[in-house]
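Next comes input-v8.cif, a file with mmCIF, C-alpha atoms.
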```cif
data_start
loop_
_atom_site.label_atom_id
_atom_site.label_comp_id
_atom_site.auth_asym_id
_atom_site.auth_seq_id
_atom_site.Cartn_x
_atom_site.Cartn_y
_atom_site.Cartn_z
CA MET A 4 -74.35 -84.21 8.78
CA LYS A 5 -71.22 -85.23 10.70
CA ILE A 6 -68.64 -82.49 11.33
CA LEU A 7 -65.33 -82.87 13.18
CA VAL A 8 -64.40 -79.83 15.28
CA LYS A 9 -60.78 -79.21 16.34
CA LEU A 10 -60.05 -76.53 18.90
CA PHE A 11 -56.65 -74.94 19.55
CA ALA A 12 -54.94 -73.00 22.35
CA ASN A 13 -57.25 -71.53 25.01
CA PHE A 14 -60.40 -72.55 23.08
CA ARG A 15 -59.75 -76.01 24.58
CA GLN A 16 -60.19 -74.75 28.13
CA GLY A 17 -63.51 -76.09 29.45
CA ARG A 18 -64.28 -77.58 26.04
CA PHE A 19 -62.32 -80.27 24.16
CA LYS A 20 -59.47 -80.83 21.69
CA VAL A 21 -61.38 -82.79 19.04
CA GLN A 22 -65.05 -83.75 18.95
CA GLU A 23 -67.53 -84.95 16.35
CA PHE A 24 -70.91 -83.22 16.06
CA GLU A 25 -74.12 -84.06 14.20
CA LEU A 26 -75.22 -80.73 12.71
CA SER A 27 -77.96 -79.61 10.37
CA VAL A 28 -77.07 -79.16 6.71
CA THR A 29 -75.86 -75.62 5.80
CA THR A 30 -74.42 -74.95 9.28
CA THR A 31 -71.72 -72.27 8.86
CA CYS A 32 -68.33 -71.82 10.55
CA ALA A 33 -69.76 -68.86 12.51
CA GLU A 34 -72.63 -71.07 13.78
CA VAL A 35 -70.18 -73.72 15.00
CA ALA A 36 -68.28 -71.04 16.96
CA ALA A 37 -71.54 -69.67 18.38
CA MET A 38 -72.66 -73.20 19.37
CA LEU A 39 -69.39 -73.52 21.36
CA LYS A 40 -69.91 -70.08 22.93
CA ILE A 41 -66.80 -68.70 21.22
CA ALA A 42 -67.34 -65.00 20.49
CA GLU A 43 -66.44 -63.87 16.97
CA ALA A 44 -64.14 -61.23 18.50
CA GLU A 45 -62.00 -64.08 19.93
CA LEU A 46 -61.57 -65.87 16.59
CA GLY A 47 -58.28 -65.84 14.67
CA VAL A 48 -57.67 -68.40 11.94
CA VAL A 49 -60.54 -70.64 10.80
CA LEU A 50 -59.70 -73.66 8.66
CA VAL A 51 -62.02 -76.07 6.91
CA ASN A 52 -60.26 -79.28 5.89
CA GLY A 53 -56.95 -77.53 6.53
CA ARG A 54 -57.67 -74.57 4.25
CA HIS A 55 -58.42 -70.97 5.19
CA ALA A 56 -62.17 -70.30 5.49
CA GLN A 57 -64.49 -67.35 5.97
CA LEU A 58 -66.86 -67.35 8.95
CA ALA A 59 -69.87 -67.39 6.64
CA GLN A 60 -68.68 -70.53 4.84
CA PRO A 61 -71.26 -73.37 5.02
CA LEU A 62 -69.94 -76.79 6.06
CA ARG A 63 -70.49 -80.08 4.27
CA GLU A 64 -70.84 -83.65 5.43
CA GLY A 65 -67.51 -84.97 6.72
CA ASP A 66 -65.79 -81.57 6.96
CA THR A 67 -63.21 -80.84 9.66
CA ILE A 68 -63.29 -77.32 11.07
CA SER A 69 -60.34 -75.97 13.08
CA LEU A 70 -60.67 -72.86 15.24
CA PHE A 71 -57.66 -70.85 16.49
CA PRO A 72 -57.95 -67.86 18.81
CA LEU A 73 -56.82 -64.36 17.90
CA VAL A 74 -53.30 -63.85 19.29
CA GLY A 75 -51.95 -60.32 19.29
CA GLY A 76 -49.49 -59.83 22.15
CA GLY A 77 -45.83 -59.07 21.88
CA MET B 17 -2.81 -55.04 1.18
CA SER B 18 -3.68 -52.45 3.84
CA ASP B 19 -1.69 -52.17 7.06
CA LEU B 20 -4.91 -52.84 8.95
CA LEU B 21 -5.47 -56.12 7.15
CA VAL B 22 -1.84 -57.17 7.75
CA PHE B 23 -2.38 -56.36 11.45
CA LEU B 24 -5.56 -58.48 11.58
CA GLN B 25 -4.05 -61.42 9.70
CA ALA B 26 -0.96 -61.44 11.90
CA ARG B 27 -3.15 -61.77 15.00
CA SER B 28 -5.60 -64.36 13.63
CA ARG B 29 -5.29 -68.07 14.31
CA ASN B 30 -6.99 -70.70 12.18
CA GLY B 31 -9.05 -67.99 10.45
CA LEU B 32 -10.38 -66.65 13.75
CA LEU B 33 -9.85 -63.04 14.78
CA PRO B 34 -9.77 -62.66 18.59
CA TRP B 35 -11.81 -59.83 20.11
CA ALA B 36 -8.68 -58.32 21.69
CA ALA B 37 -7.09 -57.99 18.24
CA GLN B 38 -10.26 -56.51 16.72
CA PHE B 39 -10.39 -53.97 19.54
CA ALA B 40 -6.65 -53.20 19.28
CA ALA B 41 -6.98 -52.66 15.51
CA SER B 42 -9.83 -50.23 16.13
CA GLN B 43 -7.65 -48.26 18.58
CA CYS B 44 -4.38 -48.36 16.58
CA PHE B 45 -5.89 -47.50 13.20
CA ARG B 46 -8.61 -45.15 14.53
CA LYS B 47 -11.35 -47.13 12.84
CA GLY B 48 -14.75 -48.04 14.24
CA LEU B 49 -15.25 -51.63 15.46
CA ALA B 50 -17.83 -52.10 12.70
CA GLU B 51 -15.36 -51.04 10.03
CA VAL B 52 -12.73 -53.44 11.39
CA GLU B 53 -15.28 -56.27 11.43
CA GLU B 54 -16.30 -55.47 7.85
CA ILE B 55 -12.67 -55.60 6.65
CA ALA B 56 -12.04 -58.84 8.56
CA LEU B 57 -15.12 -60.61 7.19
CA ALA B 58 -14.53 -59.33 3.64
CA ASN B 59 -11.07 -60.93 3.79
CA GLY B 60 -12.14 -64.30 5.15
CA LEU B 61 -11.31 -63.64 8.82
CA LEU B 62 -14.08 -64.62 11.23
CA PRO B 63 -14.34 -62.63 14.47
CA ALA B 64 -13.82 -65.33 17.09
CA ARG B 65 -17.11 -64.51 18.78
CA TYR B 66 -18.85 -66.24 15.82
CA GLN B 67 -16.75 -69.44 15.91
CA ARG B 68 -19.69 -71.60 17.05
CA ASN B 69 -21.61 -70.41 13.98
CA ARG B 70 -18.86 -71.69 11.69
CA ALA B 71 -20.23 -75.19 11.08
CA MET B 72 -23.60 -73.81 9.91
CA LEU B 73 -22.71 -70.38 8.48
CA SER B 74 -19.75 -69.80 6.16
CA VAL B 75 -17.59 -66.67 6.53
CA PRO B 76 -19.19 -65.13 3.39
CA GLU B 77 -22.61 -65.82 4.96
CA GLN B 78 -21.52 -64.24 8.24
CA HIS B 79 -20.30 -61.29 6.14
CA ARG B 80 -23.66 -61.08 4.39
CA LEU B 81 -25.48 -60.95 7.75
CA PHE B 82 -23.12 -58.17 8.86
CA ALA B 83 -23.95 -56.17 5.72
CA ARG B 84 -27.72 -56.37 6.35
CA HIS B 85 -30.15 -54.09 8.16
CA VAL B 86 -33.05 -55.47 10.22
CA ALA B 87 -35.75 -53.32 11.83
CA VAL B 88 -37.51 -54.52 14.99
CA ILE B 89 -40.89 -52.96 15.79
CA GLY B 90 -41.53 -53.21 19.52
CA CYS B 91 -38.85 -53.70 22.19
CA GLY B 92 -40.93 -55.49 24.82
CA GLY B 93 -41.46 -59.24 25.34
CA LEU B 94 -40.73 -60.46 21.81
CA GLY B 95 -38.58 -57.46 20.86
CA GLY B 96 -36.05 -57.83 23.68
CA TYR B 97 -35.24 -61.42 22.77
CA VAL B 98 -35.30 -60.68 19.02
CA LEU B 99 -32.90 -57.74 19.40
CA ALA B 100 -30.46 -59.76 21.51
CA GLY B 101 -30.69 -62.69 19.08
CA LEU B 102 -29.99 -60.49 16.06
CA ALA B 103 -27.01 -58.81 17.76
CA ARG B 104 -25.50 -62.17 18.75
CA LEU B 105 -26.15 -63.51 15.24
CA GLY B 106 -24.09 -60.61 13.88
CA ILE B 107 -26.63 -58.51 11.97
CA GLY B 108 -24.66 -55.33 11.19
CA ARG B 109 -27.42 -52.73 11.45
CA ILE B 110 -30.40 -53.03 13.75
CA THR B 111 -33.19 -50.48 14.07
CA ALA B 112 -35.15 -50.62 17.36
CA ILE B 113 -38.52 -48.86 17.54
CA ASP B 114 -40.69 -48.46 20.66
CA PRO B 115 -42.36 -45.43 22.30
CA ASP B 116 -42.52 -46.86 25.83
CA CYS B 117 -40.48 -46.87 29.03
CA PHE B 118 -40.03 -49.95 31.24
CA GLU B 119 -42.61 -50.55 33.96
CA GLU B 120 -42.63 -53.04 36.82
CA HIS B 121 -45.08 -55.39 35.07
CA ASN B 122 -42.53 -55.86 32.24
CA LEU B 123 -40.02 -57.56 34.55
CA ASN B 124 -41.62 -61.03 34.34
CA ARG B 125 -40.68 -61.46 30.67
CA GLN B 126 -38.97 -58.55 28.91
CA LEU B 127 -35.29 -59.43 28.47
CA LEU B 128 -34.02 -55.85 28.33
CA SER B 129 -35.89 -54.77 31.49
CA SER B 130 -34.28 -54.71 34.91
CA ILE B 131 -34.81 -53.06 38.27
CA LYS B 132 -32.29 -50.38 37.41
CA ASN B 133 -33.87 -49.28 34.13
CA LEU B 134 -37.50 -48.99 35.29
CA GLY B 135 -38.83 -45.71 33.95
CA GLN B 136 -36.19 -45.60 31.19
CA PRO B 137 -37.01 -45.81 27.46
CA LYS B 138 -36.95 -49.37 26.09
CA VAL B 139 -34.97 -48.25 23.04
CA ALA B 140 -32.27 -46.74 25.31
CA ALA B 141 -31.91 -50.15 26.98
CA ALA B 142 -31.66 -51.71 23.51
CA VAL B 143 -28.78 -49.40 22.53
CA GLU B 144 -26.95 -49.99 25.81
CA GLN B 145 -27.38 -53.76 26.02
CA LEU B 146 -26.81 -54.53 22.33
CA GLY B 147 -23.67 -52.40 22.54
CA ALA B 148 -22.52 -54.53 25.46
CA ILE B 149 -23.39 -57.81 23.66
CA ASN B 150 -21.83 -56.97 20.30
CA PRO B 151 -20.16 -53.55 19.93
CA ALA B 152 -19.57 -54.05 16.19
CA VAL B 153 -23.34 -53.82 15.59
CA THR B 154 -24.80 -50.40 14.76
CA VAL B 155 -28.06 -49.81 16.63
CA ILE B 156 -30.46 -47.10 15.45
CA ALA B 157 -33.14 -46.25 18.00
CA TYR B 158 -36.46 -44.46 17.54
CA GLN B 159 -38.56 -43.74 20.63
CA GLU B 160 -41.72 -43.47 18.56
CA ALA B 161 -44.97 -45.34 18.13
CA PHE B 162 -45.06 -47.01 14.71
CA GLY B 163 -47.93 -45.91 12.48
CA MET B 164 -48.93 -45.14 8.92
CA GLY B 165 -47.66 -41.56 9.37
CA ASN B 166 -44.03 -42.47 10.16
CA GLY B 167 -43.81 -46.07 8.94
CA GLU B 168 -42.08 -45.41 5.62
CA ARG B 169 -39.49 -43.14 7.24
CA LEU B 170 -38.74 -45.64 10.02
CA LEU B 171 -38.42 -48.72 7.81
CA ARG B 172 -36.85 -47.39 4.62
CA GLY B 173 -33.56 -49.17 3.94
CA ALA B 174 -34.33 -52.23 6.08
CA ASP B 175 -33.80 -55.63 4.45
CA VAL B 176 -36.20 -57.41 6.82
CA VAL B 177 -38.72 -56.13 9.38
CA VAL B 178 -39.55 -58.11 12.54
CA ASP B 179 -42.99 -57.65 14.07
CA CYS B 180 -42.81 -57.57 17.87
CA LEU B 181 -45.86 -55.33 18.33
CA ASP B 182 -48.65 -55.84 20.86
CA SER B 183 -51.61 -54.65 18.77
CA VAL B 184 -53.38 -56.36 15.88
CA THR B 185 -54.47 -53.01 14.47
CA VAL B 186 -50.90 -51.64 14.30
CA ARG B 187 -49.69 -54.99 12.89
CA LEU B 188 -52.06 -54.58 9.96
CA GLU B 189 -50.59 -51.11 9.35
CA LEU B 190 -47.07 -52.54 9.60
CA ALA B 191 -47.90 -55.20 7.01
CA GLU B 192 -49.27 -52.50 4.72
CA VAL B 193 -46.11 -50.37 4.99
CA CYS B 194 -43.88 -53.43 4.40
CA THR B 195 -45.86 -54.32 1.28
CA LEU B 196 -45.57 -50.72 0.09
CA LEU B 197 -41.78 -50.74 0.58
CA GLY B 198 -41.36 -54.32 -0.69
CA ILE B 199 -39.74 -55.54 2.55
CA PRO B 200 -40.29 -59.08 3.94
CA LEU B 201 -41.98 -59.11 7.34
CA VAL B 202 -41.36 -61.75 10.00
CA HIS B 203 -44.47 -61.81 12.15
CA GLY B 204 -44.76 -63.17 15.67
CA ALA B 205 -47.52 -62.83 18.25
CA ILE B 206 -48.00 -64.24 21.73
CA GLY B 207 -50.68 -64.63 24.39
CA GLY B 208 -50.41 -66.75 27.53
CA TRP B 209 -49.13 -70.25 26.67
CA TYR B 210 -49.71 -69.60 22.97
CA GLY B 211 -48.22 -67.87 19.99
CA HIS B 212 -47.69 -68.01 16.28
CA VAL B 213 -45.04 -67.13 13.72
CA SER B 214 -45.29 -66.46 10.01
CA THR B 215 -43.20 -64.77 7.33
CA VAL B 216 -45.00 -62.41 4.97
CA LEU B 217 -43.29 -61.77 1.65
CA PRO B 218 -44.27 -58.54 -0.13
CA GLY B 219 -47.69 -58.92 -1.73
CA ALA B 220 -48.58 -62.20 0.04
CA LEU B 221 -52.04 -62.54 1.57
CA SER B 222 -50.96 -64.46 4.65
CA PHE B 223 -51.52 -61.55 7.05
CA ASP B 224 -55.08 -61.02 5.87
CA ARG B 225 -55.68 -64.69 6.48
CA LEU B 226 -54.21 -64.66 9.99
CA TYR B 227 -56.27 -61.67 11.03
CA GLY B 228 -58.91 -61.49 8.30
CA ASN B 229 -61.75 -62.86 10.44
CA ASN B 230 -61.02 -60.27 13.07
CA ASP B 231 -59.04 -57.08 13.30
CA ASN B 232 -59.72 -56.34 16.97
CA GLY B 233 -56.85 -54.54 18.63
CA LYS B 234 -56.11 -57.41 21.04
CA GLY B 235 -56.37 -61.18 21.38
CA VAL B 236 -55.96 -63.94 23.96
CA GLU B 237 -53.12 -62.03 25.69
CA VAL B 238 -55.66 -59.61 27.21
CA THR B 239 -57.14 -62.33 29.43
CA MET B 240 -54.05 -64.53 29.81
CA GLY B 241 -51.14 -62.07 30.01
CA ASN B 242 -47.69 -63.37 29.03
CA PRO B 243 -45.13 -65.44 30.99
CA SER B 244 -41.32 -65.47 30.67
CA PHE B 245 -41.03 -68.39 28.25
CA THR B 246 -43.58 -67.76 25.48
CA PRO B 247 -41.86 -64.60 24.13
CA ALA B 248 -38.48 -66.39 24.26
CA VAL B 249 -39.76 -69.29 22.12
CA VAL B 250 -41.57 -67.17 19.53
CA ALA B 251 -38.73 -64.60 19.34
CA ALA B 252 -36.17 -67.37 18.70
CA LEU B 253 -38.31 -68.67 15.82
CA GLU B 254 -38.55 -65.13 14.41
CA VAL B 255 -34.74 -64.73 14.51
CA ALA B 256 -34.33 -68.08 12.72
CA GLU B 257 -36.68 -66.84 9.99
CA VAL B 258 -34.66 -63.59 9.64
CA CYS B 259 -31.42 -65.58 9.32
CA LYS B 260 -32.84 -67.82 6.57
CA LEU B 261 -34.46 -64.91 4.71
CA LEU B 262 -31.18 -62.97 4.63
CA LEU B 263 -29.14 -65.98 3.54
CA ASP B 264 -31.74 -67.55 1.25
CA LYS B 265 -31.38 -70.85 3.10
CA GLY B 266 -33.79 -73.58 4.14
CA SER B 267 -37.59 -73.21 4.14
CA ILE B 268 -39.32 -70.14 5.52
CA LEU B 269 -42.86 -69.83 6.88
CA ASP B 270 -44.26 -68.02 3.85
CA ASP B 271 -47.89 -68.86 3.02
CA ARG B 272 -48.07 -70.76 6.30
CA ALA B 273 -47.97 -70.07 10.01
CA LEU B 274 -46.66 -72.10 12.90
CA SER B 275 -49.10 -72.13 15.81
CA ILE B 276 -47.43 -72.80 19.15
CA ASP B 277 -49.13 -74.26 22.23
CA LEU B 278 -46.72 -74.57 25.15
CA LEU B 279 -49.42 -75.88 27.51
CA ASP B 280 -50.07 -79.02 25.48
CA MET B 281 -46.60 -78.70 23.82
CA GLU B 282 -48.02 -78.83 20.30
CA PHE B 283 -46.66 -77.09 17.20
CA THR B 284 -49.28 -76.95 14.43
CA GLU B 285 -48.58 -75.81 10.88
CA ILE B 286 -51.39 -73.73 9.38
CA THR B 287 -51.61 -73.36 5.61
CA LEU B 288 -52.60 -69.77 4.87
#
```

Starting from the file, give its structure as structure tokens.
Amino acid sequence: MKILVKLFANFRQGRFKVQEFELSVTTTCAEVAAMLKIAEAELGVVLVNGRHAQLAQPLREGDTISLFPLVGGG
Amino acid sequence: MSDLLVFLQARSRNGLLPWAAQFAASQCFRKGLAEVEEIALANGLLPARYQRNRAMLSVPEQHRLFARHVAVIGCGGLGGYVLAGLARLGIGRITAIDPDCFEEHNLNRQLLSSIKNLGQPKVAAAVEQLGAINPAVTVIAYQEAFGMGNGERLLRGADVVVDCLDSVTVRLELAEVCTLLGIPLVHGAIGGWYGHVSTVLPGALSFDRLYGNNDNGKGVEVTMGNPSFTPAVVAALEVAEVCKLLLDKGSILDDRALSIDLLDMEFTEITL
């Protein structure tokens, strides 16, 4: 299935802003992050089609997943 | 009409009360500067320091800001700019909370830090510098680390709380105490070129959604540090949210967050 991945902030460094991937059915948000070598400890907000998603959420054909890093400084 | 009010009206021009007259009234009538400002605003006189606010904030709105109490948790990168912004805006009571003293590595970004106050408590700098910016503002300082144990005591009575912390774990505790007390929380966080802002109304789930996938103590700031400009941008957005919350104006960032990327200069709205 085709999935569009959008990366934000420092996740773009050495990767990309937006890229389409052909992934196997039932791939989860966590598996997309792992495929991109983004550790779960780095992950902040995860959106699927612009809505808040859990890491375990499976993706569907045509979904857009957006990954934002955890930001905690002040 | 009180003699004090007659004194203020006689020295006002076009509805504006000059600082010299406000100060003289305080001296002549043995009243605090805050009390003089309260009487002026309650009677339609705008301290002249706020005259550039006049096209966007009415005198009753400026009065409402002066009657409100805002608590700022953390007086470092975000906190320094937030505190200065609130004092210049004319918030009447400001609580500043931070356990730390200034260190050399704060100088690249923390507004209240300077060579001469290295080693001094951050909250002491807040009292001194806010007093110099706007002496009519009452500043309450606590040199304490915020936590579940003291949170209710520190925040009780605040109309809005501003999150300028540097730990995700403590932020989650702050959100819990704000929910418990029913106080709106303006949240900001920064790391490197990046940051985000959101406003959490009591009972809203937005904080769980921002940090729900991960409640590690730290984020991107650990590897990237923080420059001079990212805290200034995010703090200014937090002060704007406080202003709108207190005046019930415009649209606030409740149930959404604004993600800020100053490297690619992108502002992305996230629905929470």

>> Select, as a VMD selection string, those residues of chain A with any atom no more than 12 Å from chain B (distances computed using only C-alpha atoms).
In response: chain A and resid 9 to 16 20 32 to 33 42 to 60 69 to 77

>> With the PyMOL selection byres ((chain B and resi 112) around 10) as the selection, what would be picked from this file? Answer as a list of chain:residue names, please.
In response: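 Listing what the PyMOL selection byres ((chain B and resi 112) around 10) selects in the shown file: B:Val86, B:Ala87, B:Val88, B:Ile89, B:Gly90, B:Cys91, B:Gly95, B:Gly96, B:Leu99, B:Arg109, B:Ile110, B:Thr111, B:Ile113, B:Asp114, B:Lys138, B:Val139, B:Ala140, B:Ala142, B:Val143, B:Val155, B:Ile156, B:Ala157, B:Tyr158, B:Gln159, B:Glu160, B:Leu170, B:Val178.
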
Atoms kept (C-alpha atoms) for selection, written as a PDB file, in the frame of the given file:
```pdb
ATOM      1  CA  VAL B  86     -33.050 -55.470  10.220  1.00  0.00           C
ATOM      2  CA  ALA B  87     -35.750 -53.320  11.830  1.00  0.00           C
ATOM      3  CA  VAL B  88     -37.510 -54.520  14.990  1.00  0.00           C
ATOM      4  CA  ILE B  89     -40.890 -52.960  15.790  1.00  0.00           C
ATOM      5  CA  GLY B  90     -41.530 -53.210  19.520  1.00  0.00           C
ATOM      6  CA  CYS B  91     -38.850 -53.700  22.190  1.00  0.00           C
ATOM      7  CA  GLY B  95     -38.580 -57.460  20.860  1.00  0.00           C
ATOM      8  CA  GLY B  96     -36.050 -57.830  23.680  1.00  0.00           C
ATOM      9  CA  LEU B  99     -32.900 -57.740  19.400  1.00  0.00           C
ATOM     10  CA  ARG B 109     -27.420 -52.730  11.450  1.00  0.00           C
ATOM     11  CA  ILE B 110     -30.400 -53.030  13.750  1.00  0.00           C
ATOM     12  CA  THR B 111     -33.190 -50.480  14.070  1.00  0.00           C
ATOM     13  CA  ILE B 113     -38.520 -48.860  17.540  1.00  0.00           C
ATOM     14  CA  ASP B 114     -40.690 -48.460  20.660  1.00  0.00           C
ATOM     15  CA  LYS B 138     -36.950 -49.370  26.090  1.00  0.00           C
ATOM     16  CA  VAL B 139     -34.970 -48.250  23.040  1.00  0.00           C
ATOM     17  CA  ALA B 140     -32.270 -46.740  25.310  1.00  0.00           C
ATOM     18  CA  ALA B 142     -31.660 -51.710  23.510  1.00  0.00           C
ATOM     19  CA  VAL B 143     -28.780 -49.400  22.530  1.00  0.00           C
ATOM     20  CA  VAL B 155     -28.060 -49.810  16.630  1.00  0.00           C
ATOM     21  CA  ILE B 156     -30.460 -47.100  15.450  1.00  0.00           C
ATOM     22  CA  ALA B 157     -33.140 -46.250  18.000  1.00  0.00           C
ATOM     23  CA  TYR B 158     -36.460 -44.460  17.540  1.00  0.00           C
ATOM     24  CA  GLN B 159     -38.560 -43.740  20.630  1.00  0.00           C
ATOM     25  CA  GLU B 160     -41.720 -43.470  18.560  1.00  0.00           C
ATOM     26  CA  LEU B 170     -38.740 -45.640  10.020  1.00  0.00           C
ATOM     27  CA  VAL B 178     -39.550 -58.110  12.540  1.00  0.00           C
TER      28      VAL B 178
END
```

>> Assuming the chain letters and numbering stay as they are in my file, what does the PyMOL selection byres ((chain B and resi 71-81) around 8) actually select? List them as a ChimeraX atom specification.
In response: /B:54,57-58,60-62,68-70,82-84,105-108,259,262-263

> Any idea what's packed within 12 Å of stretch 25-32 of chain B, counting only C-alpha atoms, ignoring anything in its chain fewer than 3 positions away? Could you give it as an MDAnalysis selection string?
Replying inline: chainID B and resid 17:22 35:41 52:53 55:57 59:70 74:75

>> Report, in Å with one decimal, the straight-line distance from atom CA of B:Leu197 to atom CA of B:Val216.
In response: 12.9 Å

> In Å to one decimal, how far is atom CA of B:Val177 from atom CA of B:Leu201?
Replying inline: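 Atom CA of B:Leu201 sits 4.9 Å away from atom CA of B:Val177.
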
Report as JSON the centre and the edge lengths, in Å to one decimal, of the axis-aligned box holding every listed atom of stretch 57-63 of chain A, padded by 4 Å on each side.
```
{"center_x": -67.9, "center_y": -73.7, "center_z": 6.6, "size_x": 14.8, "size_y": 20.7, "size_z": 12.7}
```

>> When you look at B:Val202 with a cut-off of 10 Å (counting only C-alpha atoms), what residues show up, excluding the ones that are within fewer than 2 positions of it in the same chain? I need them as a list in words.
In response: Val88, Val176, Val177, Val178, Asp179, Cys180, Ala191, Ile199, Pro200, Gly204, Val213, Ser214, Thr215, Val216, Leu217, Leu253, Glu254, Val255, Ala256, Glu257, Val258, Leu261, Ile268, Leu269 and Asp270 of chain B

>> Can you measure atom CA of B:Leu127 to atom CA of B:Leu102 for me? One decimal in Å is fine.
In response: 13.5 Å

> Looking at all atoms listed in the file, which of B:Asn150, B:Gln136, B:Asn124, B:Gln145 is the one that sits closest to B:Arg104?
Replying inline: B:Asn150

>> Here's the selection I'm unsure about, the PyMOL selection byres ((chain A and resi 66) around 7); applied to the file above, which residues does it give, as a list in words?
In response: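 Applying the expression gives Ile6, Leu7, Val51, Asn52, Leu62, Arg63, Glu64, Gly65, Thr67 and Ile68 of chain A.
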
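By only C-alpha atoms, and with residues fewer than 6 positions from A:Met38 along its chain excluded, the set lying at most 12 Å from it is Val8, Arg18, Phe24, Leu26, Thr30, Thr31 and Cys32 of chain A.
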